[in-house]
Each structure stands twice: as structure tokens, then as C-alpha cells.
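Undergrad: Got a structure for you, model_19.pdb, holding PDB, C-alpha atoms.
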```pdb
ATOM      1  CA  MET A 233     -10.437  -7.873  -0.648
ATOM      2  CA  GLU A 234      -8.857  -5.944   2.236
ATOM      3  CA  ILE A 235      -7.057  -9.065   3.482
ATOM      4  CA  VAL A 236      -5.454  -9.842   0.148
ATOM      5  CA  CYS A 237      -4.544  -6.174  -0.411
ATOM      6  CA  GLU A 238      -2.928  -6.123   3.024
ATOM      7  CA  ASN A 239      -0.831  -9.134   2.027
ATOM      8  CA  ILE A 240       0.078  -7.606  -1.342
ATOM      9  CA  GLU A 241       1.297  -4.483   0.409
ATOM     10  CA  ARG A 242       3.292  -6.471   2.972
ATOM     11  CA  LEU A 243       4.960  -8.242   0.076
ATOM     12  CA  ILE A 244       5.819  -5.257  -2.108
ATOM     13  CA  THR A 245       7.095  -3.195   0.839
ATOM     14  CA  THR A 246       9.490  -5.931   2.005
ATOM     15  CA  GLU A 247      13.006  -4.512   1.808
ATOM     16  CA  VAL A 248      15.621  -6.682   0.101
ATOM     17  CA  ARG A 249      18.067  -3.932  -0.818
ATOM     18  CA  PRO A 250      21.743  -4.721  -0.220
ATOM     19  CA  ARG A 251      23.870  -2.816   2.251
ATOM     20  CA  GLY A 252      25.148   0.413   0.759
ATOM     21  CA  LEU A 253      21.689   1.524  -0.365
ATOM     22  CA  THR A 254      19.010   3.222   1.726
ATOM     23  CA  ARG A 255      17.459   0.643   4.039
ATOM     24  CA  GLY A 256      15.020   0.471   6.918
ATOM     25  CA  VAL A 257      12.677   3.224   5.723
ATOM     26  CA  ILE A 258       9.991   1.847   3.395
ATOM     27  CA  GLY A 259       7.999   0.261   6.227
ATOM     28  CA  GLY A 260       7.724   3.557   8.048
ATOM     29  CA  MET A 261       6.857   5.459   4.875
ATOM     30  CA  TYR A 262       4.173   2.925   4.038
ATOM     31  CA  ALA A 263       2.715   3.180   7.556
ATOM     32  CA  ALA A 264       2.682   6.971   7.243
ATOM     33  CA  ALA A 265       0.882   6.707   3.895
ATOM     34  CA  ARG A 266      -1.800   4.504   5.475
ATOM     35  CA  ALA A 267      -2.063   6.816   8.480
ATOM     36  CA  GLY A 268      -3.746   4.096  10.539
ATOM     37  CA  GLY A 269      -6.349   3.439   7.883
ATOM     38  CA  PRO A 270      -7.133   0.396   5.738
ATOM     39  CA  PRO A 271      -4.747  -0.988   3.118
ATOM     40  CA  LEU A 272      -4.289   1.257   0.106
ATOM     41  CA  GLY A 273      -5.048  -1.350  -2.552
ATOM     42  CA  PRO A 274      -8.875  -1.339  -2.502
ATOM     43  CA  ALA A 275      -9.072   2.396  -3.263
ATOM     44  CA  VAL A 276      -6.299   2.195  -5.861
ATOM     45  CA  GLY A 277      -7.909  -0.815  -7.559
ATOM     46  CA  GLN A 278     -11.288   0.897  -7.656
ATOM     47  CA  ALA A 279      -9.716   4.004  -9.183
ATOM     48  CA  LEU A 280      -8.128   1.898 -11.923
ATOM     49  CA  MET A 281     -11.333  -0.006 -12.632
ATOM     50  CA  ALA A 282     -13.314   3.247 -12.808
ATOM     51  CA  HIS A 283     -11.223   4.218 -15.847
ATOM     52  CA  ARG A 284     -12.075   1.249 -18.064
ATOM     53  CA  GLY A 285     -12.390   2.504 -21.618
ATOM     54  CA  LYS A 286     -10.702   5.795 -20.754
ATOM     55  CA  ARG A 287      -7.327   7.342 -21.534
ATOM     56  CA  VAL A 288      -4.510   6.411 -19.154
ATOM     57  CA  GLY A 289      -1.087   8.038 -19.162
ATOM     58  CA  ILE A 290       1.812   6.174 -17.508
ATOM     59  CA  PHE A 291       4.842   8.373 -16.767
ATOM     60  CA  THR A 292       8.245   6.814 -16.110
ATOM     61  CA  GLY A 293      11.958   7.145 -16.826
ATOM     62  CA  ALA A 294      15.132   7.967 -14.887
ATOM     63  CA  PRO A 295      18.154   8.553 -17.135
ATOM     64  CA  VAL A 296      21.445   9.789 -15.656
ATOM     65  CA  PRO A 297      24.084  10.979 -18.164
ATOM     66  CA  GLY A 298      27.341   9.101 -17.764
ATOM     67  CA  TYR A 299      25.861   6.514 -15.401
ATOM     68  CA  MET A 300      22.508   5.414 -16.817
ATOM     69  CA  PRO A 301      22.483   6.877 -20.349
ATOM     70  CA  ASN A 302      19.725   4.470 -21.432
ATOM     71  CA  GLY A 303      17.802   4.898 -18.209
ATOM     72  CA  GLU A 304      17.149   2.728 -15.177
ATOM     73  CA  ASN A 305      15.302  -0.598 -15.299
ATOM     74  CA  ASP A 306      13.175   0.280 -12.260
ATOM     75  CA  GLY A 307      10.087   2.041 -13.552
ATOM     76  CA  PRO A 308       9.829   0.991 -17.217
ATOM     77  CA  LEU A 309       9.189  -2.672 -16.395
ATOM     78  CA  GLY A 310       6.477  -1.890 -13.847
ATOM     79  CA  SER A 311       4.977   0.559 -16.320
ATOM     80  CA  ILE A 312       4.767  -2.033 -19.102
ATOM     81  CA  VAL A 313       3.144  -4.618 -16.816
ATOM     82  CA  ALA A 314       0.597  -2.128 -15.472
ATOM     83  CA  GLY A 315      -0.018  -0.763 -18.972
ATOM     84  CA  ARG A 316      -0.564  -4.235 -20.392
ATOM     85  CA  ALA A 317      -3.163  -5.015 -17.720
ATOM     86  CA  LEU A 318      -4.924  -1.679 -18.208
ATOM     87  CA  GLU A 319      -5.022  -2.175 -21.962
ATOM     88  CA  ARG A 320      -6.544  -5.626 -21.483
ATOM     89  CA  ILE A 321      -9.429  -4.184 -19.469
ATOM     90  CA  GLY A 322     -10.154  -1.679 -22.231
ATOM     91  CA  CYS A 323      -8.092   1.392 -21.351
ATOM     92  CA  ARG A 324      -6.328   3.438 -24.016
ATOM     93  CA  VAL A 325      -2.778   3.598 -22.699
ATOM     94  CA  THR A 326       0.047   5.967 -23.558
ATOM     95  CA  PHE A 327       3.518   5.783 -22.043
ATOM     96  CA  TYR A 328       5.426   9.025 -21.460
ATOM     97  CA  ALA A 329       9.205   8.918 -20.954
ATOM     98  CA  GLU A 330      12.452  10.594 -21.896
ATOM     99  CA  ARG A 331      13.906   9.784 -25.320
ATOM    100  CA  GLU A 332      16.654   7.675 -23.704
ATOM    101  CA  LEU A 333      14.017   5.170 -22.579
ATOM    102  CA  PHE A 334      12.427   4.752 -25.992
ATOM    103  CA  PRO A 335      14.482   1.711 -27.150
ATOM    104  CA  ILE A 336      13.556  -0.463 -24.152
ATOM    105  CA  LEU A 337       9.937   0.705 -24.049
ATOM    106  CA  GLU A 338       9.488   0.232 -27.797
ATOM    107  CA  GLU A 339      10.917  -3.285 -27.573
ATOM    108  CA  LEU A 340       8.656  -4.260 -24.667
ATOM    109  CA  ILE A 341       5.603  -2.733 -26.345
ATOM    110  CA  ARG A 342       6.471  -4.828 -29.417
ATOM    111  CA  GLN A 343       7.008  -8.020 -27.429
ATOM    112  CA  GLU A 344       3.757  -7.600 -25.493
ATOM    113  CA  LYS A 345       1.879  -6.678 -28.704
ATOM    114  CA  LEU A 346       0.441  -3.568 -27.083
ATOM    115  CA  ALA A 347      -1.521  -0.896 -28.938
ATOM    116  CA  ALA A 348      -0.195   1.694 -26.493
ATOM    117  CA  GLY A 349       1.401   4.900 -27.692
ATOM    118  CA  LEU A 350       4.769   6.292 -26.594
ATOM    119  CA  LYS A 351       5.502  10.019 -26.299
ATOM    120  CA  GLU A 352       8.594  11.954 -25.313
ATOM    121  CA  LEU A 353       9.004  13.850 -22.063
ATOM    122  CA  HIS A 354      11.223  16.876 -22.590
ATOM    123  CA  LYS A 355      14.034  17.377 -20.094
ATOM    124  CA  THR A 356      14.588  21.117 -20.592
ATOM    125  CA  ASP A 357      11.219  22.410 -21.815
ATOM    126  CA  ARG A 358       8.583  21.893 -19.137
ATOM    127  CA  ALA A 359       5.993  23.800 -21.149
ATOM    128  CA  ALA A 360       6.254  21.202 -23.913
ATOM    129  CA  ASN A 361       5.085  18.509 -21.488
ATOM    130  CA  LEU A 362       2.065  20.389 -20.147
ATOM    131  CA  PRO A 363      -0.369  19.512 -23.007
ATOM    132  CA  TYR A 364      -0.052  15.847 -22.035
ATOM    133  CA  ALA A 365      -2.338  16.558 -19.082
ATOM    134  CA  ASP A 366      -5.189  17.121 -21.537
ATOM    135  CA  GLU A 367      -4.547  13.794 -23.264
ATOM    136  CA  VAL A 368      -5.324  11.531 -20.309
ATOM    137  CA  ASP A 369      -8.149  10.883 -17.861
ATOM    138  CA  LEU A 370      -5.937   9.060 -15.346
ATOM    139  CA  GLY A 371      -2.263   9.706 -14.682
ATOM    140  CA  VAL A 372      -0.002   6.997 -13.213
ATOM    141  CA  THR A 373       3.605   7.748 -12.292
ATOM    142  CA  ILE A 374       5.989   4.860 -11.643
ATOM    143  CA  GLU A 375       9.477   5.799 -10.422
ATOM    144  CA  LYS A 376       9.055   9.356 -11.724
ATOM    145  CA  GLN A 377      10.921  12.027  -9.842
ATOM    146  CA  GLY A 378       9.264  15.167  -8.515
ATOM    147  CA  ALA A 379      10.611  18.451  -7.228
ATOM    148  CA  THR A 380      11.356  19.357  -3.628
ATOM    149  CA  ALA A 381      10.443  22.511  -1.705
ATOM    150  CA  ASP A 382      13.345  24.348  -3.380
ATOM    151  CA  GLY A 383      12.038  23.450  -6.847
ATOM    152  CA  HIS A 384      14.871  21.057  -7.683
ATOM    153  CA  MET A 385      14.936  17.295  -8.293
ATOM    154  CA  TYR A 386      17.312  15.025  -6.386
ATOM    155  CA  SER A 387      18.331  11.387  -6.433
ATOM    156  CA  ILE A 388      17.695   9.217  -3.385
ATOM    157  CA  ASN A 389      21.204  10.081  -2.162
ATOM    158  CA  ALA A 390      20.783  13.827  -2.821
ATOM    159  CA  HIS A 391      22.486  14.281  -6.208
ATOM    160  CA  ASN A 392      20.866  17.016  -8.272
ATOM    161  CA  ARG A 393      18.910  15.687 -11.257
ATOM    162  CA  ASP A 394      17.728  18.965 -12.819
ATOM    163  CA  ARG A 395      17.797  18.935 -16.625
ATOM    164  CA  THR A 396      18.992  15.316 -16.746
ATOM    165  CA  ARG A 397      15.408  14.066 -16.726
ATOM    166  CA  ALA A 398      11.961  15.546 -17.283
ATOM    167  CA  ASN A 399      10.241  17.591 -14.599
ATOM    168  CA  ILE A 400       6.503  16.877 -14.978
ATOM    169  CA  ASP A 401       5.268  18.583 -11.833
ATOM    170  CA  ASN A 402       3.186  20.945 -13.970
ATOM    171  CA  VAL A 403       1.500  17.993 -15.693
ATOM    172  CA  ILE A 404       0.504  16.403 -12.384
ATOM    173  CA  ALA A 405      -0.630  19.766 -11.003
ATOM    174  CA  LYS A 406      -2.867  20.332 -14.025
ATOM    175  CA  LEU A 407      -4.359  16.854 -13.774
ATOM    176  CA  THR A 408      -5.194  17.607 -10.143
ATOM    177  CA  ALA A 409      -6.593  21.054 -10.967
ATOM    178  CA  ASP A 410      -8.779  19.477 -13.645
ATOM    179  CA  GLY A 411     -10.211  17.026 -11.105
ATOM    180  CA  LYS A 412      -8.541  13.982 -12.630
ATOM    181  CA  VAL A 413      -7.224  11.002 -10.665
ATOM    182  CA  THR A 414      -3.489  10.418 -10.245
ATOM    183  CA  ILE A 415      -1.625   7.453  -8.749
ATOM    184  CA  GLY A 416       1.988   7.790  -7.620
ATOM    185  CA  VAL A 417       4.123   4.659  -7.289
ATOM    186  CA  GLY A 418       7.544   5.133  -5.719
ATOM    187  CA  ASP A 419      10.132   3.645  -3.400
ATOM    188  CA  GLY A 420      12.400   6.427  -2.143
ATOM    189  CA  GLY A 421      10.522   9.526  -1.055
ATOM    190  CA  ASN A 422      11.867  11.610  -3.945
ATOM    191  CA  GLU A 423       9.246  10.510  -6.484
ATOM    192  CA  ILE A 424       5.930  12.054  -7.445
ATOM    193  CA  GLY A 425       3.229  11.183  -4.934
ATOM    194  CA  TRP A 426       5.376  11.235  -1.809
ATOM    195  CA  GLY A 427       4.307  14.825  -1.160
ATOM    196  CA  LYS A 428       1.396  13.251   0.723
ATOM    197  CA  ILE A 429       3.804  12.406   3.544
ATOM    198  CA  HIS A 430       6.428  15.090   2.910
ATOM    199  CA  ASP A 431       6.944  15.973   6.581
ATOM    200  CA  TYR A 432       7.499  12.320   7.535
ATOM    201  CA  ILE A 433      10.172  11.921   4.852
ATOM    202  CA  VAL A 434      11.957  15.077   5.976
ATOM    203  CA  LYS A 435      12.134  13.756   9.538
ATOM    204  CA  HIS A 436      12.764  10.036   9.071
ATOM    205  CA  VAL A 437      14.403   9.279   5.698
ATOM    206  CA  PRO A 438      18.159   9.644   5.038
ATOM    207  CA  CYS A 439      18.728  12.838   3.023
ATOM    208  CA  GLY A 440      15.023  13.525   3.587
ATOM    209  CA  PRO A 441      15.346  17.300   4.103
ATOM    210  CA  THR A 442      17.028  17.529   0.689
ATOM    211  CA  ILE A 443      15.166  14.944  -1.409
ATOM    212  CA  ALA A 444      11.570  14.977  -0.082
ATOM    213  CA  CYS A 445       9.205  15.439  -3.006
ATOM    214  CA  MET A 446       6.460  18.038  -2.602
ATOM    215  CA  ILE A 447       4.201  16.727  -5.381
ATOM    216  CA  THR A 448       1.074  14.912  -4.267
ATOM    217  CA  THR A 449      -1.183  12.501  -6.116
ATOM    218  CA  THR A 450      -4.733  11.357  -5.454
ATOM    219  CA  HIS A 451      -3.354   7.991  -4.385
ATOM    220  CA  LEU A 452       0.146   7.155  -3.133
ATOM    221  CA  TYR A 453       1.153   3.512  -3.581
ATOM    222  CA  PRO A 454       4.509   2.784  -1.881
ATOM    223  CA  ALA A 455       6.738  -0.142  -2.763
ATOM    224  CA  ALA A 456      10.245  -1.290  -1.860
ATOM    225  CA  VAL A 457      10.947  -1.385  -5.621
ATOM    226  CA  SER A 458       8.824   0.761  -7.902
ATOM    227  CA  ASN A 459       8.518  -2.041 -10.472
ATOM    228  CA  TRP A 460       6.912  -4.184  -7.776
ATOM    229  CA  GLY A 461       4.336  -1.441  -7.266
ATOM    230  CA  GLY A 462       3.548  -1.552 -10.987
ATOM    231  CA  TYR A 463       3.202  -5.331 -10.823
ATOM    232  CA  ALA A 464       0.845  -4.907  -7.859
ATOM    233  CA  LEU A 465      -1.362  -2.540  -9.901
ATOM    234  CA  ALA A 466      -1.796  -5.338 -12.433
ATOM    235  CA  ALA A 467      -2.562  -7.754  -9.596
ATOM    236  CA  LEU A 468      -5.243  -5.383  -8.263
ATOM    237  CA  LEU A 469      -6.912  -5.419 -11.681
ATOM    238  CA  ALA A 470      -6.764  -9.215 -11.670
ATOM    239  CA  LEU A 471      -8.412  -9.218  -8.240
ATOM    240  CA  HIS A 472     -11.288  -7.100  -9.498
ATOM    241  CA  THR A 473     -11.823  -8.895 -12.811
ATOM    242  CA  GLY A 474     -10.929 -12.487 -11.942
ATOM    243  CA  ASP A 475      -8.594 -12.566 -14.957
ATOM    244  CA  LEU A 476      -5.357 -14.127 -13.708
ATOM    245  CA  GLY A 477      -3.796 -13.343 -17.072
ATOM    246  CA  LEU A 478      -3.579  -9.695 -16.047
ATOM    247  CA  CYS A 479      -0.894 -10.606 -13.503
ATOM    248  CA  HIS A 480       2.784 -10.439 -14.365
ATOM    249  CA  ASP A 481       4.552 -13.739 -14.999
ATOM    250  CA  PRO A 482       7.766 -14.758 -13.194
ATOM    251  CA  LYS A 483       9.313 -16.195 -16.363
ATOM    252  CA  ARG A 484       8.660 -12.909 -18.139
ATOM    253  CA  GLU A 485      10.230 -11.016 -15.237
ATOM    254  CA  LEU A 486      13.472 -12.943 -15.712
ATOM    255  CA  GLU A 487      13.299 -12.285 -19.456
ATOM    256  CA  TYR A 488      12.638  -8.584 -18.843
ATOM    257  CA  LEU A 489      15.680  -8.197 -16.605
ATOM    258  CA  ASP A 490      17.908 -10.132 -19.012
ATOM    259  CA  LEU A 491      16.668  -7.849 -21.797
ATOM    260  CA  THR A 492      17.371  -4.644 -19.881
ATOM    261  CA  ALA A 493      20.885  -5.855 -19.119
ATOM    262  CA  LYS A 494      21.442  -6.670 -22.790
ATOM    263  CA  MET A 495      20.158  -3.235 -23.846
ATOM    264  CA  GLN A 496      22.345  -1.438 -21.278
ATOM    265  CA  VAL A 497      19.356  -0.218 -19.242
ATOM    266  CA  MET A 498      21.006  -0.102 -15.867
ATOM    267  CA  ASP A 499      20.283  -1.578 -12.490
ATOM    268  CA  GLY A 500      19.775   1.587 -10.443
ATOM    269  CA  GLY A 501      21.362   0.040  -7.365
ATOM    270  CA  THR A 502      24.752  -0.722  -8.872
ATOM    271  CA  GLY A 503      24.712   1.398 -12.025
ATOM    272  CA  GLN A 504      25.676  -1.745 -13.966
ATOM    273  CA  PRO A 505      23.957  -3.500 -16.911
ATOM    274  CA  ILE A 506      23.067  -6.600 -14.902
ATOM    275  CA  ASN A 507      19.817  -8.478 -14.315
ATOM    276  CA  HIS A 508      19.233  -6.875 -10.919
ATOM    277  CA  VAL A 509      16.812  -4.089  -9.994
ATOM    278  CA  ASP A 510      17.740  -1.658  -7.208
ATOM    279  CA  GLY A 511      20.623  -4.010  -6.456
ATOM    280  CA  ILE A 512      18.275  -6.978  -5.971
ATOM    281  CA  PRO A 513      18.863 -10.182  -8.004
ATOM    282  CA  ALA A 514      16.367 -11.137 -10.704
ATOM    283  CA  MET A 515      15.293 -14.313  -8.901
ATOM    284  CA  VAL A 516      14.041 -12.238  -5.965
ATOM    285  CA  SER A 517      11.854 -10.100  -8.226
ATOM    286  CA  ALA A 518      10.596 -13.245  -9.944
ATOM    287  CA  ALA A 519       9.682 -14.642  -6.522
ATOM    288  CA  VAL A 520       7.714 -11.477  -5.702
ATOM    289  CA  VAL A 521       5.865 -11.850  -9.002
ATOM    290  CA  THR A 522       5.112 -15.507  -8.191
ATOM    291  CA  ILE A 523       3.680 -14.629  -4.778
ATOM    292  CA  LEU A 524       1.608 -11.753  -6.200
ATOM    293  CA  ARG A 525       0.095 -14.164  -8.679
ATOM    294  CA  GLY A 526      -0.475 -16.730  -5.927
ATOM    295  CA  LEU A 527      -2.309 -14.195  -3.750
ATOM    296  CA  VAL A 528      -4.675 -13.331  -6.598
ATOM    297  CA  GLU A 529      -5.221 -16.977  -7.476
ATOM    298  CA  ALA A 530      -5.996 -17.869  -3.852
ATOM    299  CA  TYR A 531      -8.536 -15.044  -3.663
ATOM    300  CA  HIS A 532     -10.471 -16.403  -6.633
ATOM    301  CA  ARG A 533     -10.149 -20.109  -5.800
ATOM    302  CA  GLN A 534     -13.383 -21.840  -4.830
ATOM    303  CA  PRO A 535     -13.681 -22.128  -1.044
ATOM    304  CA  PHE A 536     -13.778 -25.589   0.483
ATOM    305  CA  GLU A 537     -14.527 -27.097   3.872
ATOM    306  CA  ARG A 538     -11.722 -28.988   5.485
ATOM    307  CA  PRO A 539     -13.190 -32.334   6.610
ATOM    308  CA  PHE A 540     -10.718 -32.959   9.437
TER
END
```
Could you quickly redo this structure as C-alpha cells?
TA:
Amino acid sequence: MEIVCENIERLITTEVRPRGLTRGVIGGMYAAARAGGPPLGPAVGQALMAHRGKRVGIFTGAPVPGYMPNGENDGPLGSIVAGRALERIGCRVTFYAERELFPILEELIRQEKLAAGLKELHKTDRAANLPYADEVDLGVTIEKQGATADGHMYSINAHNRDRTRANIDNVIAKLTADGKVTIGVGDGGNEIGWGKIHDYIVKHVPCGPTIACMITTTHLYPAAVSNWGGYALAALLALHTGDLGLCHDPKRELEYLDLTAKMQVMDGGTGQPINHVDGIPAMVSAAVVTILRGLVEAYHRQPFERPF
């Protein structure tokens, strides 16, 4: 299990971002998150499996007025894939996102025939979000921004995001105070969960002193693209259950990215409605999905003795 999780994490932390975006940092952030210990996947997978039959909240969404009015495609896609896998192992899943993300999430929930609920995160009324902490037993954040030491939210290149998207720091803090498990999936250092290595981000990540999130989660699960982290969560469930059908499918990944482009859910790298994610072409993401599936399949394949 550790070997395959190590390979999954090598894969999803491989940087393919084009020049012009932050590069050369995810490997160091991932190493800091591991802190010389074992791969992160076994503990994350066990935490997910421990919540079979329980209530899981998946928090996502990154709208930017004027640039990404219908949100960004990194986050929602990983959330749907992880949510689908969790629902298939018996979890009761609810997605939480800003209203701008509802059209794409509703369409994907419909296409995947999920029973999952969808609730609004309020951008200007933090108190309205707080009761959501009582609705879930496990909280998963995928590409969900958290506040810095000064209490503000910033983009990866240090643009202020206050009041343009929901601040759910109080929700995560209450989950923690109530002894519940949280998993933070992110790719930039400004998302919820990265507070676990806050000092490293301040020192080693571009714009780190401005953007470094202070909010911690029980488990931090870094990825070069947050969607890939969500796909890896589904792969971890497939590892534990032996159900390859829990994995994402490369054909569906291409369909997802075509759909987000059609629905004007933007590629966060270019700010354009194209079938890229974080500036990375769809075929690359589909290849990551293919390899994730291959790693799980190889793990469950019957061993054989080579006769030569």
C-alpha cells in the first residue's frame, strides 16, 4: 500500500504548469508536508474508509468577478469524482460551493446520477456558513481558499479575494474543535490545509509571505492540480475496496473539461473557457487519470512468477 501511495503522490505532484504560472514549488511543499515520514495516502485513505455510511461535506469553488464569473474548473471536477467514489462506498455526500458554481455542479451531479446534495456557501455572511459544520462528520476541501495571518484571502499571485468567494475558516475551525476529521487538498499554498506548513510557504513559495494560508486540517494532501488530488482520493478508495470503478475515467475527464469550457467555467491558468486546467491541456489530465487507474489496477492484479 505504501509503495502504490508513494507512486500516486509522485504522479499528482508532477508539475506541468506552463511558464508564466508559479512553478518549481509543489515538490518542496509536498516534502514539507511529509516531513520525512511515510507517504500521505495510507492515512488519508484510512480516514476516508472510516467514514463509510457517514455524512461527508466537500467544499469547493473559486469564482472571480469579471474573470471567472462561473468559477474555476479546478476544484469542482475533483470534488465530483471524490464525491462519486465516497457515495459508492456508502457515504452521504453534500457539496458546498458558491452560487456561481451551482450550474456546473448540478449538471455533473445529474450526469453522474448522484444522490448528493448541494448547498450554497455565502460570500459575505460567514455566520450563515457555520451551521454546515454540524451537518457533516468529515470535511473535505478541494481548491478552497483559506485566510492568511492578516485574516484576508489571496490568490496564488497575491490578489485579494475577500468577499468574492466564501470564507469558511470558521466551518473548518468548528469541525476541528468538535473532533471531526478534515482533509485539505490544494496546489498553491493559499488553500485550506496548507496551514500545516505555513512557515515553509512563507519562506519558499513566491508571494508566500502574503498568500500563506493559516488554516490547518487533520490531513493535508498536496497536488500539482487540485483536481488531481480529488482524483487521487477516489483512487485511494479503490485501493482499499478493490473496486476499480471508483477510479476516475480518462474519457470522462476529457468530457468534463469540454463541458466546463462550454459552460464558461474557466481554466484558472489562462482565465479562458478552454479545456485546460491550471493552464494544462486536457490530454495531460486524462493521462494522469489513466496512470492513477493503472496504479490501482496493478495493485490488485494477481501476482505471478516470471519463468525466465
Undergrad: Here is a test: counting all atoms listed in the file, which residue of A:Ala347, A:Ala470, A:Cys445, A:Leu353 is nearest to Arg331 (chain A)?
TA: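 The closest residue to Arg331 (chain A) is A:Leu353.
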Undergrad: Contacts of Asn392 (chain A) at 12 Å or less, counting all atoms listed in the file, minus same-chain residues fewer than 2 places along, as a list in words?
TA: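 Here the qualifying residues turn out to be Val296, Gln377, Gly378, Ala379, Thr380, Asp382, Gly383, His384, Met385, Tyr386, Ser387, Ile388, Asn389, Ala390, Asp394, Arg395, Thr396, Arg397, Asn422, Thr442 and Ile443 of chain A.
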Undergrad: Can you spell out as a count of residues only the set of residues that the PyMOL selection byres ((chain A and resi 508-517) around 8) selects in the structure I just provided?
TA: 21
Undergrad: Evaluate the PyMOL selection byres ((chain A and resi 375) around 6) and record the selected residues as a ChimeraX atom specification, following the chain and residue labels used in the document.
TA: /A:292,307,374,376,418,458
Undergrad: Name the residues captured by the PyMOL selection byres ((chain A and resi 332) around 12) when it is applied to the shown file; answer as an NGL selection string.
TA: :A and (292-297 or 300-305 or 308 or 328-331 or 333-338 or 351-355 or 396-398 or 495-498)
Undergrad: I need the residue nearest Val403 (chain A) from this list: A:Arg316, A:Arg358, A:His532, A:Lys286. Use all atoms listed in the file for the distance.
TA: A:Arg358
Undergrad: Which one of A:Ile341, A:Leu452, A:Ala314, A:Ile321 sits closest to Asp419 (chain A) if you count all atoms listed in the file?
TA: A:Leu452
Undergrad: For each of A:Ile424, A:Leu340, A:Ala359, A:Ala348, take the minimum atom-to-atom distance to Val372 (chain A), counting all atoms listed in the file, then give the residue where this is smallest.
TA: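 That would be A:Ile424, the residue with the smallest distance to Val372 (chain A).
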Undergrad: Residues within 12 Å of Val325 (chain A), please, as JSON, numbers by chain. Count only C-alpha atoms; anything in the same chain fewer than 3 positions from it doesn't count.
TA: {"A": [283, 284, 285, 286, 287, 288, 289, 290, 291, 311, 312, 313, 314, 315, 316, 317, 318, 319, 320, 321, 322, 328, 341, 346, 347, 348, 349, 350, 351, 367, 368, 369, 370, 371, 372]}
Undergrad: Report the distance between CA of Gln278 (chain A) and CA of Arg266 (chain A) in Å, rounded to one decimal place.
TA: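 One can read the CA of Gln278 (chain A) to CA of Arg266 (chain A) distance as 16.6 Å.
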Undergrad: May I ask for the distance between CA of Lys428 (chain A) and CA of His391 (chain A), given in Å to one decimal place?
TA: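 For CA of Lys428 (chain A) relative to CA of His391 (chain A), the distance reads 22.2 Å.
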Undergrad: Could you check which of A:Met446, A:Tyr463, A:Gly298, A:Tyr432 is closest to Ala267 (chain A), using all atoms listed in the file?
TA: A:Tyr432
Undergrad: What does the structure give for the distance between CA of Gly277 (chain A) and CA of Ala530 (chain A), in Å to one decimal?
TA: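 CA of Gly277 (chain A) sits 17.6 Å away from CA of Ala530 (chain A).
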Undergrad: Using only C-alpha atoms, which of the listed residues (A:Leu280, A:Cys439, A:Met261, A:Ala456) sits closest to Thr473 (chain A)?
TA: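 Closest residue, counting only C-alpha atoms: A:Leu280.
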Undergrad: Compile the contact shell of Val437 (chain A) as a ChimeraX atom specification: residues with an atom at most 10 Å away, counting all atoms listed in the file, same-chain residues fewer than 6 positions apart removed.
TA: /A:254-258,260-261,388,420-421,443-444
Undergrad: Take every atom of region 477-481 of chain A listed in the file, fit an axis-aligned box around them, add 5 Å per side, and give the centre and edge lengths in Å to one decimal as JSON.
TA:
```
{"center_x": 0.4, "center_y": -11.7, "center_z": -15.3, "size_x": 18.3, "size_y": 14.0, "size_z": 13.6}
```
